[in-house]
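J.: Below you'll find structure.cif; it's mmCIF, C-alpha atoms.
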data_my_file
#
loop_
_atom_site.label_atom_id
_atom_site.label_comp_id
_atom_site.auth_asym_id
_atom_site.auth_seq_id
_atom_site.Cartn_x
_atom_site.Cartn_y
_atom_site.Cartn_z
CA MET A 1 -33.47 -6.65 29.99
CA ASN A 2 -31.94 -9.98 28.98
CA GLU A 3 -28.53 -11.13 30.22
CA GLU A 4 -26.20 -13.49 28.41
CA ALA A 5 -24.94 -16.37 30.54
CA ASN A 6 -21.64 -17.28 28.94
CA PRO A 7 -19.05 -14.48 28.67
CA GLU A 8 -16.76 -13.97 25.70
CA VAL A 9 -13.09 -14.24 26.69
CA TRP A 10 -10.39 -11.87 25.33
CA ASP A 11 -6.71 -11.29 26.10
CA VAL A 12 -7.26 -7.53 26.42
CA ILE A 13 -10.38 -5.37 26.24
CA VAL A 14 -9.99 -1.70 25.34
CA VAL A 15 -12.84 0.56 26.44
CA GLY A 16 -13.14 3.58 24.16
CA ALA A 17 -12.56 3.79 20.40
CA GLY A 18 -10.81 7.15 20.29
CA PRO A 19 -7.20 7.76 19.18
CA ALA A 20 -5.73 6.23 22.36
CA GLY A 21 -7.92 3.13 22.36
CA LEU A 22 -7.56 2.45 18.65
CA LYS A 23 -3.77 2.83 18.75
CA ALA A 24 -3.58 0.51 21.78
CA ALA A 25 -5.71 -2.05 19.93
CA THR A 26 -3.52 -1.83 16.81
CA GLU A 27 -0.37 -2.36 18.87
CA LEU A 28 -1.90 -5.36 20.63
CA ALA A 29 -3.31 -6.94 17.48
CA ASN A 30 0.00 -6.48 15.72
CA GLY A 31 1.54 -8.39 18.64
CA LYS A 32 -0.94 -11.28 18.03
CA ALA A 33 -3.07 -10.57 21.10
CA LYS A 34 -6.79 -11.26 20.98
CA VAL A 35 -8.14 -7.74 21.54
CA LEU A 36 -11.66 -6.30 21.70
CA VAL A 37 -12.59 -2.59 21.56
CA LEU A 38 -15.89 -1.48 23.10
CA ASP A 39 -17.40 1.98 22.64
CA ARG A 40 -20.70 3.38 23.86
CA LYS A 41 -21.13 5.73 20.89
CA GLN A 42 -22.87 4.72 17.68
CA GLU A 43 -20.20 6.22 15.41
CA ILE A 44 -16.41 6.44 15.65
CA GLY A 45 -15.04 9.97 15.60
CA CYS A 46 -18.29 11.61 16.79
CA PRO A 47 -18.69 13.95 18.43
CA LYS A 48 -15.38 15.70 17.89
CA ARG A 49 -14.16 17.64 20.91
CA CYS A 50 -11.05 19.38 19.65
CA ALA A 51 -9.84 21.78 16.98
CA GLU A 52 -8.39 18.80 15.03
CA GLY A 53 -4.80 20.01 14.68
CA LEU A 54 -1.90 17.53 14.52
CA GLY A 55 1.78 18.43 14.11
CA LEU A 56 4.26 16.51 11.96
CA LYS A 57 6.20 15.46 15.07
CA GLU A 58 3.08 13.75 16.33
CA PHE A 59 2.59 12.01 12.99
CA LYS A 60 6.11 10.60 13.33
CA ARG A 61 5.70 9.55 16.96
CA SER A 62 2.50 7.68 16.12
CA ASN A 63 3.80 6.01 12.93
CA LEU A 64 1.35 7.86 10.68
CA LYS A 65 1.60 9.38 7.23
CA PRO A 66 -0.72 12.23 6.17
CA ASN A 67 -3.55 11.14 3.90
CA LYS A 68 -5.50 13.73 1.91
CA GLU A 69 -8.74 11.97 2.82
CA TRP A 70 -8.40 13.16 6.42
CA ALA A 71 -5.35 15.48 6.58
CA VAL A 72 -7.38 18.17 4.87
CA GLN A 73 -5.46 21.42 5.47
CA GLU A 74 -1.72 22.05 5.47
CA ILE A 75 -0.49 24.24 8.33
CA LYS A 76 2.79 26.15 8.09
CA GLY A 77 2.77 28.01 11.37
CA ALA A 78 0.70 30.17 13.69
CA GLN A 79 -0.32 33.75 14.27
CA LEU A 80 -0.78 34.98 17.85
CA TYR A 81 -2.97 38.00 18.62
CA SER A 82 -2.73 40.16 21.75
CA PRO A 83 -5.76 42.00 23.19
CA ASN A 84 -4.86 45.27 21.43
CA GLY A 85 -4.77 43.55 18.01
CA LYS A 86 -0.99 43.32 17.74
CA SER A 87 0.04 39.98 16.27
CA ILE A 88 3.11 37.81 15.89
CA LYS A 89 3.16 35.73 12.71
CA MET A 90 5.30 32.60 12.74
CA LYS A 91 5.17 31.12 9.24
CA ASN A 92 7.45 28.48 7.74
CA LYS A 93 7.93 27.60 4.10
CA LYS A 94 7.50 23.93 5.00
CA VAL A 95 4.39 22.15 6.20
CA LEU A 96 4.49 21.76 9.99
CA GLY A 97 1.24 19.88 10.47
CA TYR A 98 -2.36 19.45 9.37
CA VAL A 99 -5.89 20.16 10.45
CA LEU A 100 -7.75 16.85 10.26
CA GLU A 101 -11.22 15.68 9.40
CA ARG A 102 -11.29 13.74 12.64
CA LYS A 103 -14.33 11.62 11.83
CA ILE A 104 -12.56 10.16 8.80
CA PHE A 105 -9.19 10.02 10.59
CA GLU A 106 -10.46 7.95 13.51
CA LYS A 107 -12.32 5.59 11.19
CA GLU A 108 -9.04 5.05 9.36
CA LEU A 109 -7.41 4.21 12.72
CA ALA A 110 -10.25 1.75 13.36
CA ILE A 111 -9.86 0.14 9.95
CA GLU A 112 -6.14 -0.32 10.58
CA ALA A 113 -6.80 -1.88 14.00
CA VAL A 114 -9.25 -4.37 12.50
CA ARG A 115 -6.87 -5.07 9.62
CA MET A 116 -4.29 -6.08 12.23
CA GLY A 117 -6.80 -8.41 13.89
CA ALA A 118 -8.70 -6.37 16.49
CA LYS A 119 -12.48 -6.57 16.94
CA ILE A 120 -14.58 -3.39 17.45
CA LEU A 121 -18.13 -3.20 18.81
CA MET A 122 -20.03 0.11 18.82
CA LYS A 123 -23.05 1.01 20.99
CA HIS A 124 -21.65 -1.21 23.72
CA GLN A 125 -21.75 0.60 27.07
CA VAL A 126 -19.73 -0.81 29.98
CA VAL A 127 -22.07 -0.72 32.98
CA GLY A 128 -20.18 -2.96 35.38
CA ALA A 129 -16.67 -4.28 36.00
CA LYS A 130 -15.38 -6.62 38.71
CA ARG A 131 -12.43 -8.86 39.30
CA LYS A 132 -13.30 -12.55 39.35
CA GLU A 133 -10.25 -13.80 41.24
CA ASP A 134 -7.93 -12.28 43.81
CA LEU A 135 -4.29 -11.77 42.95
CA LYS A 136 -2.17 -14.77 43.77
CA ARG A 137 1.18 -14.29 45.45
CA GLU A 138 4.25 -16.27 44.55
CA SER A 139 6.31 -17.72 47.38
CA GLU A 140 9.07 -15.14 46.81
CA GLY A 141 6.57 -12.34 47.48
CA ASP A 142 5.99 -11.05 43.94
CA GLU A 143 2.40 -10.33 43.05
CA LYS A 144 1.19 -12.42 40.13
CA GLY A 145 -1.98 -10.99 38.66
CA THR A 146 -3.57 -14.12 37.24
CA GLY A 147 -7.13 -13.05 38.00
CA GLU A 148 -9.64 -11.94 35.39
CA VAL A 149 -12.04 -9.04 35.03
CA GLU A 150 -15.66 -9.50 34.04
CA LEU A 151 -17.29 -6.60 32.20
CA LEU A 152 -21.04 -6.18 32.03
CA VAL A 153 -21.91 -4.41 28.80
CA GLU A 154 -25.26 -3.01 27.74
CA ALA A 155 -26.05 -3.40 24.02
CA ASN A 156 -29.43 -3.42 22.28
CA ASP A 157 -31.43 -3.79 25.49
CA GLU A 158 -29.45 -6.76 26.74
CA ILE A 159 -26.51 -7.25 29.06
CA LYS A 160 -23.52 -9.06 27.61
CA LYS A 161 -20.62 -10.48 29.61
CA PHE A 162 -16.99 -10.27 28.58
CA ARG A 163 -13.94 -11.58 30.44
CA THR A 164 -10.34 -10.51 30.12
CA LYS A 165 -7.11 -10.42 32.08
CA LEU A 166 -6.43 -6.78 31.26
CA VAL A 167 -8.58 -3.72 30.59
CA ILE A 168 -7.23 -0.57 28.95
CA ALA A 169 -9.59 2.27 29.83
CA CYS A 170 -9.69 5.01 27.19
CA ASP A 171 -13.21 6.21 27.94
CA GLY A 172 -12.56 9.87 28.61
CA VAL A 173 -12.16 12.26 31.51
CA ASP A 174 -13.28 10.75 34.84
CA SER A 175 -13.26 7.27 33.30
CA LEU A 176 -16.13 5.19 34.69
CA THR A 177 -14.34 1.97 33.77
CA ALA A 178 -11.28 2.96 35.80
CA LYS A 179 -13.50 3.91 38.74
CA MET A 180 -15.21 0.50 38.63
CA LEU A 181 -11.78 -1.10 38.90
CA ASP A 182 -10.68 1.05 41.85
CA LEU A 183 -8.53 3.67 40.10
CA ASN A 184 -9.64 7.21 40.82
CA THR A 185 -9.05 9.43 37.78
CA LYS A 186 -11.32 12.24 38.96
CA LEU A 187 -10.04 15.59 37.75
CA ASP A 188 -9.96 18.71 39.90
CA LEU A 189 -12.17 21.33 38.21
CA ARG A 190 -9.31 23.81 38.60
CA GLU A 191 -7.38 21.67 36.13
CA THR A 192 -10.11 21.72 33.49
CA ASP A 193 -11.18 24.11 30.78
CA SER A 194 -14.60 24.50 29.23
CA GLY A 195 -14.47 24.26 25.44
CA TYR A 196 -16.98 25.39 22.82
CA GLN A 197 -16.48 25.30 19.06
CA TYR A 198 -18.26 25.92 15.79
CA GLU A 199 -17.26 24.56 12.44
CA MET A 200 -18.00 27.58 10.29
CA THR A 201 -18.11 28.15 6.55
CA GLY A 202 -18.46 31.24 4.42
CA ILE A 203 -15.76 33.00 6.44
CA SER A 204 -12.64 34.95 5.44
CA GLY A 205 -9.97 37.40 6.56
CA TYR A 206 -7.29 35.00 7.83
CA ASP A 207 -4.30 33.14 6.39
CA GLU A 208 -5.55 29.60 5.73
CA ASN A 209 -2.09 28.06 6.20
CA LEU A 210 -1.79 29.31 9.78
CA LEU A 211 -3.42 28.50 13.11
CA HIS A 212 -4.79 31.72 14.64
CA LEU A 213 -4.81 32.17 18.44
CA TYR A 214 -6.40 35.17 20.20
CA PHE A 215 -5.50 36.02 23.81
CA GLY A 216 -6.88 38.35 26.45
CA THR A 217 -8.87 38.19 29.69
CA GLY A 218 -11.82 39.89 27.96
CA VAL A 219 -11.56 37.56 24.96
CA ALA A 220 -11.09 34.24 26.75
CA PRO A 221 -10.41 34.22 30.52
CA ARG A 222 -7.60 31.73 31.30
CA GLY A 223 -7.60 30.58 27.70
CA TYR A 224 -7.82 31.72 24.10
CA CYS A 225 -10.00 31.80 21.00
CA TRP A 226 -8.87 30.01 17.85
CA ILE A 227 -9.37 29.67 14.14
CA PHE A 228 -8.13 26.34 12.74
CA PRO A 229 -8.60 26.40 8.93
CA LYS A 230 -10.00 23.22 7.37
CA ARG A 231 -10.82 24.10 3.78
CA LYS A 232 -11.19 27.26 1.74
CA GLY A 233 -13.60 29.49 3.63
CA THR A 234 -14.19 26.83 6.32
CA ALA A 235 -12.58 26.50 9.76
CA ASN A 236 -13.00 25.33 13.33
CA VAL A 237 -13.66 28.48 15.37
CA GLY A 238 -13.61 27.88 19.10
CA ILE A 239 -12.67 28.86 22.61
CA GLY A 240 -11.29 27.32 25.79
CA ILE A 241 -11.73 29.08 29.15
CA GLY A 242 -11.26 28.19 32.80
CA ALA A 243 -14.02 26.00 34.22
CA PHE A 244 -14.87 28.46 37.02
CA GLU A 245 -15.62 31.52 34.89
CA GLU A 246 -18.91 33.28 35.58
CA LYS A 247 -19.97 33.35 31.92
CA THR A 248 -20.07 30.30 29.66
CA ALA A 249 -17.59 29.47 26.93
CA LYS A 250 -20.37 29.91 24.37
CA TYR A 251 -21.05 33.42 25.67
CA TYR A 252 -17.43 34.49 25.19
CA LEU A 253 -17.15 32.78 21.80
CA ASP A 254 -20.31 34.39 20.42
CA LYS A 255 -19.23 37.77 21.77
CA TRP A 256 -15.79 37.49 20.15
CA ILE A 257 -17.11 36.29 16.77
CA LYS A 258 -19.26 39.43 16.54
CA THR A 259 -16.07 41.52 16.65
CA GLN A 260 -14.45 39.67 13.73
CA SER A 261 -15.56 41.04 10.36
CA GLY A 262 -14.57 37.89 8.48
CA LEU A 263 -16.48 35.59 10.86
CA LYS A 264 -19.64 37.31 12.01
CA ASP A 265 -21.62 36.63 8.81
CA GLY A 266 -20.43 33.02 8.45
CA SER A 267 -22.64 29.95 8.75
CA ILE A 268 -22.33 27.32 11.48
CA ILE A 269 -22.38 23.75 10.16
CA GLU A 270 -21.39 21.91 13.35
CA VAL A 271 -21.37 22.62 17.09
CA ASN A 272 -19.02 20.93 19.57
CA ALA A 273 -18.61 21.34 23.33
CA GLY A 274 -16.85 19.54 26.14
CA VAL A 275 -14.54 19.53 29.14
CA ILE A 276 -10.80 19.72 28.43
CA PRO A 277 -8.30 18.34 30.99
CA VAL A 278 -5.35 20.75 31.25
CA GLY A 279 -3.41 19.31 34.16
CA GLY A 280 -4.04 17.02 37.09
CA PHE A 281 -1.59 14.43 35.78
CA LEU A 282 -2.06 11.02 37.39
CA GLU A 283 0.76 9.73 39.57
CA GLU A 284 -0.58 6.21 39.01
CA MET A 285 -2.11 5.18 35.69
CA GLN A 286 -2.47 1.52 36.57
CA ALA A 287 -4.25 -0.81 38.96
CA ASP A 288 -4.57 -4.58 39.08
CA ASN A 289 -5.73 -5.70 35.60
CA LEU A 290 -6.00 -2.07 34.42
CA LEU A 291 -4.22 0.65 32.43
CA VAL A 292 -5.62 4.07 31.46
CA ALA A 293 -4.72 6.18 28.42
CA GLY A 294 -5.86 9.26 26.51
CA ASP A 295 -8.17 11.68 28.33
CA ALA A 296 -8.80 8.95 30.91
CA GLY A 297 -5.12 9.28 31.81
CA HIS A 298 -5.26 13.09 31.54
CA MET A 299 -2.91 12.93 28.55
CA VAL A 300 -3.40 16.45 27.19
CA ASP A 301 -1.06 19.38 26.62
CA PRO A 302 -1.91 21.79 29.49
CA VAL A 303 -1.02 24.92 27.50
CA HIS A 304 -3.14 24.56 24.36
CA GLY A 305 -5.38 21.62 25.34
CA GLY A 306 -4.42 19.50 22.32
CA GLY A 307 -4.55 15.78 22.90
CA ILE A 308 -4.82 13.72 19.69
CA GLY A 309 -1.10 13.05 19.29
CA ILE A 310 -0.44 12.66 23.02
CA ALA A 311 -3.35 10.24 23.35
CA MET A 312 -2.01 8.10 20.50
CA GLU A 313 1.42 7.98 22.17
CA GLY A 314 -0.22 6.86 25.39
CA GLY A 315 -2.26 4.22 23.58
CA ILE A 316 0.79 2.82 21.80
CA LEU A 317 2.71 2.61 25.08
CA ALA A 318 -0.27 0.97 26.82
CA GLY A 319 -0.38 -1.62 24.03
CA LYS A 320 3.35 -2.36 24.41
CA ILE A 321 3.11 -2.79 28.19
CA ALA A 322 -0.01 -4.95 27.79
CA LEU A 323 1.91 -7.29 25.49
CA LYS A 324 4.64 -7.59 28.14
CA ALA A 325 2.00 -8.39 30.76
CA LEU A 326 0.49 -11.09 28.53
CA LYS A 327 3.89 -12.65 27.97
CA ALA A 328 4.64 -12.64 31.71
CA ASN A 329 1.05 -13.61 32.60
CA ASN A 330 1.25 -10.88 35.23
CA PHE A 331 -1.45 -8.22 35.45
CA SER A 332 -0.78 -6.91 38.94
CA LYS A 333 -0.54 -3.24 39.79
CA LYS A 334 3.09 -3.78 40.72
CA PHE A 335 4.01 -5.25 37.31
CA LEU A 336 1.98 -2.69 35.38
CA LYS A 337 3.64 0.19 37.23
CA GLN A 338 6.27 0.24 34.49
CA TYR A 339 3.62 1.85 32.28
CA THR A 340 3.38 4.94 34.49
CA LYS A 341 7.16 5.13 34.81
CA GLU A 342 7.75 4.88 31.08
CA TRP A 343 4.98 7.37 30.31
CA PHE A 344 6.55 10.09 32.43
CA GLU A 345 9.93 9.42 30.88
CA LEU A 346 8.42 9.51 27.39
CA ARG A 347 6.05 12.50 27.65
CA GLY A 348 4.67 13.09 31.15
CA ASN A 349 7.62 15.02 32.59
CA HIS A 350 7.59 17.33 29.56
CA LEU A 351 3.86 17.95 30.09
CA LYS A 352 4.52 18.80 33.75
CA ARG A 353 6.96 21.49 32.62
CA ARG A 354 4.33 22.76 30.18
CA LEU A 355 1.83 22.94 33.06
CA LYS A 356 4.12 25.30 34.97
CA GLY A 357 4.30 27.45 31.85
CA ARG A 358 0.52 27.60 31.73
CA HIS A 359 0.37 28.69 35.36
CA LEU A 360 2.72 31.53 34.45
CA LEU A 361 0.52 32.62 31.53
CA GLU A 362 -2.56 32.64 33.78
CA LYS A 363 -1.05 35.43 35.86
CA LEU A 364 -0.61 37.81 32.92
CA THR A 365 -2.98 40.73 32.39
CA ASP A 366 -4.11 42.13 29.06
CA ASP A 367 -1.48 44.87 29.40
CA ASP A 368 1.16 42.19 29.95
CA PHE A 369 0.08 40.33 26.80
CA ASN A 370 0.17 43.55 24.82
CA TYR A 371 3.64 44.36 26.12
CA LEU A 372 5.01 40.92 25.28
CA ALA A 373 3.46 40.97 21.80
CA GLU A 374 5.21 44.25 21.09
CA SER A 375 8.59 43.16 22.48
CA ILE A 376 9.08 39.46 21.68
CA THR A 377 10.48 38.63 18.26
CA VAL A 378 9.15 35.90 15.97
CA GLU A 379 12.24 33.76 16.60
CA GLU A 380 11.84 34.05 20.37
CA ALA A 381 8.13 33.21 20.15
CA ILE A 382 8.94 30.05 18.18
CA MET A 383 11.48 28.97 20.81
CA ILE A 384 8.95 29.47 23.61
CA GLY A 385 6.16 27.75 21.68
CA GLU A 386 8.22 24.63 21.00
CA GLY A 387 8.68 24.16 24.74
CA ASN A 388 12.35 23.20 24.36
CA MET A 389 13.91 26.09 26.30
CA THR A 390 15.39 25.37 29.72
CA LYS A 391 14.16 27.36 32.69
CA VAL A 392 17.43 29.29 32.74
CA GLU A 393 17.02 30.22 29.06
CA GLN A 394 13.41 31.23 29.65
CA GLY A 395 14.43 33.27 32.68
CA LYS A 396 17.08 35.17 30.73
CA LEU A 397 14.68 35.88 27.89
CA PHE A 398 11.88 37.14 30.12
CA ALA A 399 14.28 39.12 32.32
CA LYS A 400 15.49 40.95 29.21
CA LYS A 401 11.91 41.70 28.16
CA LEU A 402 10.44 42.51 31.56
CA PHE A 403 13.04 44.69 33.25
CA THR A 404 10.66 47.68 33.02
CA ARG A 405 7.76 45.72 34.55
CA PRO A 406 8.58 44.79 38.19
CA LYS A 407 5.33 42.85 38.73
CA LEU A 408 6.15 40.48 35.88
CA ILE A 409 9.66 39.97 37.21
CA GLU A 410 8.19 38.79 40.54
CA ILE A 411 5.89 36.36 38.72
CA MET A 412 8.85 34.99 36.74
CA LYS A 413 10.94 34.58 39.91
CA LYS A 414 8.20 32.47 41.50
CA TYR A 415 7.87 30.38 38.30
CA LEU A 416 11.61 29.67 38.22
CA LYS A 417 11.66 28.89 41.96
CA ASP A 418 8.79 26.40 41.62
#
What do you get writing this file as structure tokens?
T.:
Amino acid sequence: MNEEANPEVWDVIVVGAGPAGLKAATELANGKAKVLVLDRKQEIGCPKRCAEGLGLKEFKRSNLKPNKEWAVQEIKGAQLYSPNGKSIKMKNKKVLGYVLERKIFEKELAIEAVRMGAKILMKHQVVGAKRKEDLKRESEGDEKGTGEVELLVEANDEIKKFRTKLVIACDGVDSLTAKMLDLNTKLDLRETDSGYQYEMTGISGYDENLLHLYFGTGVAPRGYCWIFPKRKGTANVGIGIGAFEEKTAKYYLDKWIKTQSGLKDGSIIEVNAGVIPVGGFLEEMQADNLLVAGDAGHMVDPVHGGGIGIAMEGGILAGKIALKALKANNFSKKFLKQYTKEWFELRGNHLKRRLKGRHLLEKLTDDDFNYLAESITVEEAIMIGEGNMTKVEQGKLFAKKLFTRPKLIEIMKKYLKD
């Protein structure tokens, strides 16, 4: 295997051309930084590892406008199903979000990044990363990260060298790039879900303007099944379950589909599978010459596992902090710590509250789900789902609903205490 002698030099190198990496690159290029994006895959947007939903709030936060080329299905709400078949329909007259064609969506993000001035290289696998110079210390004691990182990258049976002062790792759960640069992002298996999904066509029996979520320990242990409509008669049909379940996610998904008259005779046109981080938020998302974002930074909603919008927010923030580091010529862990601080103020603390909510849901039995489905109103379900209720408000609501179920009251007391 050949090795190039002279490395290319860039202000910032982003590893991973997903939503986080592409948004970070766009932010940097827009700020006139010389930025390179490397990705080991041969095609942007493949494989998809999510149900492809994106709410209007997330469009706004990420400075995006829906485009019919990739925002393919309007969504006006959701319908939640308990184990006994009882459902709560939450439907709005207005569009609340879209199901995307993620392959086209991410390519549009890539086109925008390049339009701003970024460079993207596919089938470039980072196989090594090391710092070339130690951090220098100013006389007043501040760390000044003036050193550089050298990346060894495998491409077309040769090893290329790239140098940069800052790496933004967006290369997925348990980021290898972060590990090479001494930041441990390893995720506890207890904070992961196993996901399996089919894109199916020739199916029916559901409102195509709603997201459909099916709960129950027999349906999806520590998770749920979903139908995310994409086009007429076509939808993402999937499942997320706890990583330690005895049976596989595919087993539960196939079993559930057979019980759904509108799905069981459909055709599968795509299969997706992967690990979903649903917690394990990093207390430090930076090291010398390094930031992490997206799945690499465990930036996922712990309740429903969605991460496109959150990843883009993280990428945008990483790009902003990187520009500050370039201006200050300081890439030390101490300087970059502002990224972690600002992330938790922006979104991380909210996600921590959502994680506690998920832990509460995990303790509910099928009978509990059935009871709640029969007692909670649509308006109350919307308030809970938006995640904007205080703990006191949640406590009052659940106390009102659960006064006949002592076990649930004890669970709620522990949740509020924690």
J.: Can you list, as an MDAnalysis selection string, the residues that the PyMOL selection byres ((chain A and resi 37-45) around 8) selects here?
T.: chainID A and resid 13:18 21:22 25 35:36 46:48 102:107 118:126 171
J.: Tell me, in Å to one decimal, how far atom CA of Ala20 of chain A is from atom CA of Thr192 of chain A.
T.: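 Atom CA of Thr192 of chain A lies at a distance of 19.6 Å from atom CA of Ala20 of chain A.
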J.: Could you spell out the hits of the PyMOL selection byres ((chain A and resi 302) around 9) on the shown file, as a list in words?
T.: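 Output from the PyMOL selection byres ((chain A and resi 302) around 9), applied to this file: Glu191, Pro277, Val278, Gly279, Met299, Val300, Asp301, Val303, His304, Gly305, Gly306, Leu351, Lys352, Arg354, Leu355, Lys356, Gly357 and Arg358 of chain A.
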J.: Compare A:Glu284, A:Asp182, A:Glu154, A:Glu345 by their minimum atom-to-atom distance to Lys130 of chain A, counting all atoms listed in the file, and give me the closest one.
T.: A:Asp182
J.: I need the residue set behind the PyMOL selection byres ((chain A and resi 188) around 12) for this file; please write it as a ChimeraX atom specification.
T.: /A:173-174,184-187,189-193,242-244,275-282,298
J.: If we count only C-alpha atoms, what is near Lys255 of chain A at a cut-off of 12 Å, once residues fewer than 3 positions away on the same chain are taken out, given as number ranges by chain?
T.: A: 218-220, 225, 238-239, 247-252, 258-260, 263-264
J.: Generate a file of the selected residues that holds C-alpha atoms, formatted as a short mmCIF file (atom, residue, chain, number, x, y, z; two decimals), keeping the file's coordinate frame.
T.:
data_model
loop_
_atom_site.label_atom_id
_atom_site.label_comp_id
_atom_site.auth_asym_id
_atom_site.auth_seq_id
_atom_site.Cartn_x
_atom_site.Cartn_y
_atom_site.Cartn_z
CA GLY A 218 -11.82 39.89 27.96
CA VAL A 219 -11.56 37.56 24.96
CA ALA A 220 -11.09 34.24 26.75
CA CYS A 225 -10.00 31.80 21.00
CA GLY A 238 -13.61 27.88 19.10
CA ILE A 239 -12.67 28.86 22.61
CA LYS A 247 -19.97 33.35 31.92
CA THR A 248 -20.07 30.30 29.66
CA ALA A 249 -17.59 29.47 26.93
CA LYS A 250 -20.37 29.91 24.37
CA TYR A 251 -21.05 33.42 25.67
CA TYR A 252 -17.43 34.49 25.19
CA LYS A 258 -19.26 39.43 16.54
CA THR A 259 -16.07 41.52 16.65
CA GLN A 260 -14.45 39.67 13.73
CA LEU A 263 -16.48 35.59 10.86
CA LYS A 264 -19.64 37.31 12.01
#
J.: Using only C-alpha atoms, which residue out of A:Asp367, A:Glu199, A:Glu342, A:Asp207 lies closest to Gln79 of chain A?
T.: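 Among A:Asp367, A:Glu199, A:Glu342, A:Asp207, it is A:Asp207 that comes nearest to Gln79 of chain A.
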J.: With distances taken over all atoms listed in the file, which residue among A:Gly315, A:Pro229, A:Pro83, A:Pro221 lies nearest Asn209 of chain A?
T.: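 Closest candidate: A:Pro229.
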J.: Under the rule that all atoms listed in the file are counted, which of A:Asn349, A:Thr177, A:Gln286, A:Asn92 is the nearest residue to Leu336 of chain A?
T.: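 Of A:Asn349, A:Thr177, A:Gln286, A:Asn92, the one nearest Leu336 of chain A is A:Gln286, counting all atoms listed in the file.
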J.: So how many Å separate atom CA of Ile316 of chain A and atom CA of Gly348 of chain A, to one decimal?
T.: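 Atom-to-atom, atom CA of Ile316 of chain A and atom CA of Gly348 of chain A are spaced 14.4 Å apart.
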J.: Check the smallest atom-to-atom distance from each of A:Ala33, A:Ala24, A:Ala113, A:Ala71 to Ala311 of chain A using only C-alpha atoms, then report the winner.
T.: A:Ala24
J.: With all atoms listed in the file as the basis for distance, which of A:Lys76, A:Lys34, A:Lys324, A:Lys94 is at the shortest distance from Gly117 of chain A?
T.: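 Closest residue, counting all atoms listed in the file: A:Lys34.
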J.: Report the closest atom pair, with its distance in Å rounded to one decimal, for each residue of segment 240-317 of chain A that has an atom no farther than 7 Å from segment 51-64 of chain A; count only C-alpha atoms, sort by chain and then rising residue number, and write it as a tab-separated table.
T.:
residue	atom	partner	partner_atom	distance
A:Gly309	CA	A:Glu58	CA	5.2
A:Met312	CA	A:Ser62	CA	6.3
A:Glu313	CA	A:Ser62	CA	6.2
J.: What does the structure give for the distance between atom CA of Lys65 of chain A and atom CA of Leu317 of chain A, in Å to one decimal?
T.: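 It comes out at 19.1 Å.
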J.: Give me the box for segment 321-339 of chain A as JSON, namely the centre and edge lengths in Å to one decimal of a box along x, y and z that holds every listed atom plus 8 Å on each side.
T.:
{"center_x": 2.4, "center_y": -5.9, "center_z": 33.1, "size_x": 23.7, "size_y": 31.5, "size_z": 31.2}
J.: Provide segment 355-366 of chain A rebuilt to N, CA and C atoms, formatted as a CSV table (one decimal), keeping the file's coordinate frame.
T.:
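Result saved to selection07.csv:
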chain,number,residue,atom,x,y,z
A,355,LEU,N,2.8,22.5,32.1
A,355,LEU,CA,1.8,22.9,33.1
A,355,LEU,C,2.3,24.2,33.9
A,356,LYS,N,3.6,24.1,34.2
A,356,LYS,CA,4.1,25.3,35.0
A,356,LYS,C,4.1,26.5,34.1
A,357,GLY,N,4.4,26.3,32.8
A,357,GLY,CA,4.3,27.4,31.8
A,357,GLY,C,2.9,28.0,31.8
A,358,ARG,N,1.9,27.1,31.8
A,358,ARG,CA,0.5,27.6,31.7
A,358,ARG,C,0.2,28.4,33.0
A,359,HIS,N,0.6,28.0,34.1
A,359,HIS,CA,0.4,28.7,35.4
A,359,HIS,C,1.0,30.1,35.3
A,360,LEU,N,2.1,30.2,34.6
A,360,LEU,CA,2.7,31.5,34.4
A,360,LEU,C,1.8,32.4,33.6
A,361,LEU,N,1.4,31.9,32.5
A,361,LEU,CA,0.5,32.6,31.5
A,361,LEU,C,-0.8,33.1,32.2
A,362,GLU,N,-1.3,32.3,33.1
A,362,GLU,CA,-2.6,32.6,33.8
A,362,GLU,C,-2.4,33.9,34.6
A,363,LYS,N,-1.2,34.3,35.0
A,363,LYS,CA,-1.0,35.4,35.9
A,363,LYS,C,-0.9,36.7,35.1
A,364,LEU,N,-0.8,36.6,33.7
A,364,LEU,CA,-0.6,37.8,32.9
A,364,LEU,C,-1.9,38.5,32.7
A,365,THR,N,-1.8,39.9,32.7
A,365,THR,CA,-3.0,40.7,32.4
A,365,THR,C,-3.0,41.0,30.9
A,366,ASP,N,-4.1,41.7,30.5
A,366,ASP,CA,-4.1,42.1,29.1
A,366,ASP,C,-3.0,43.1,28.7
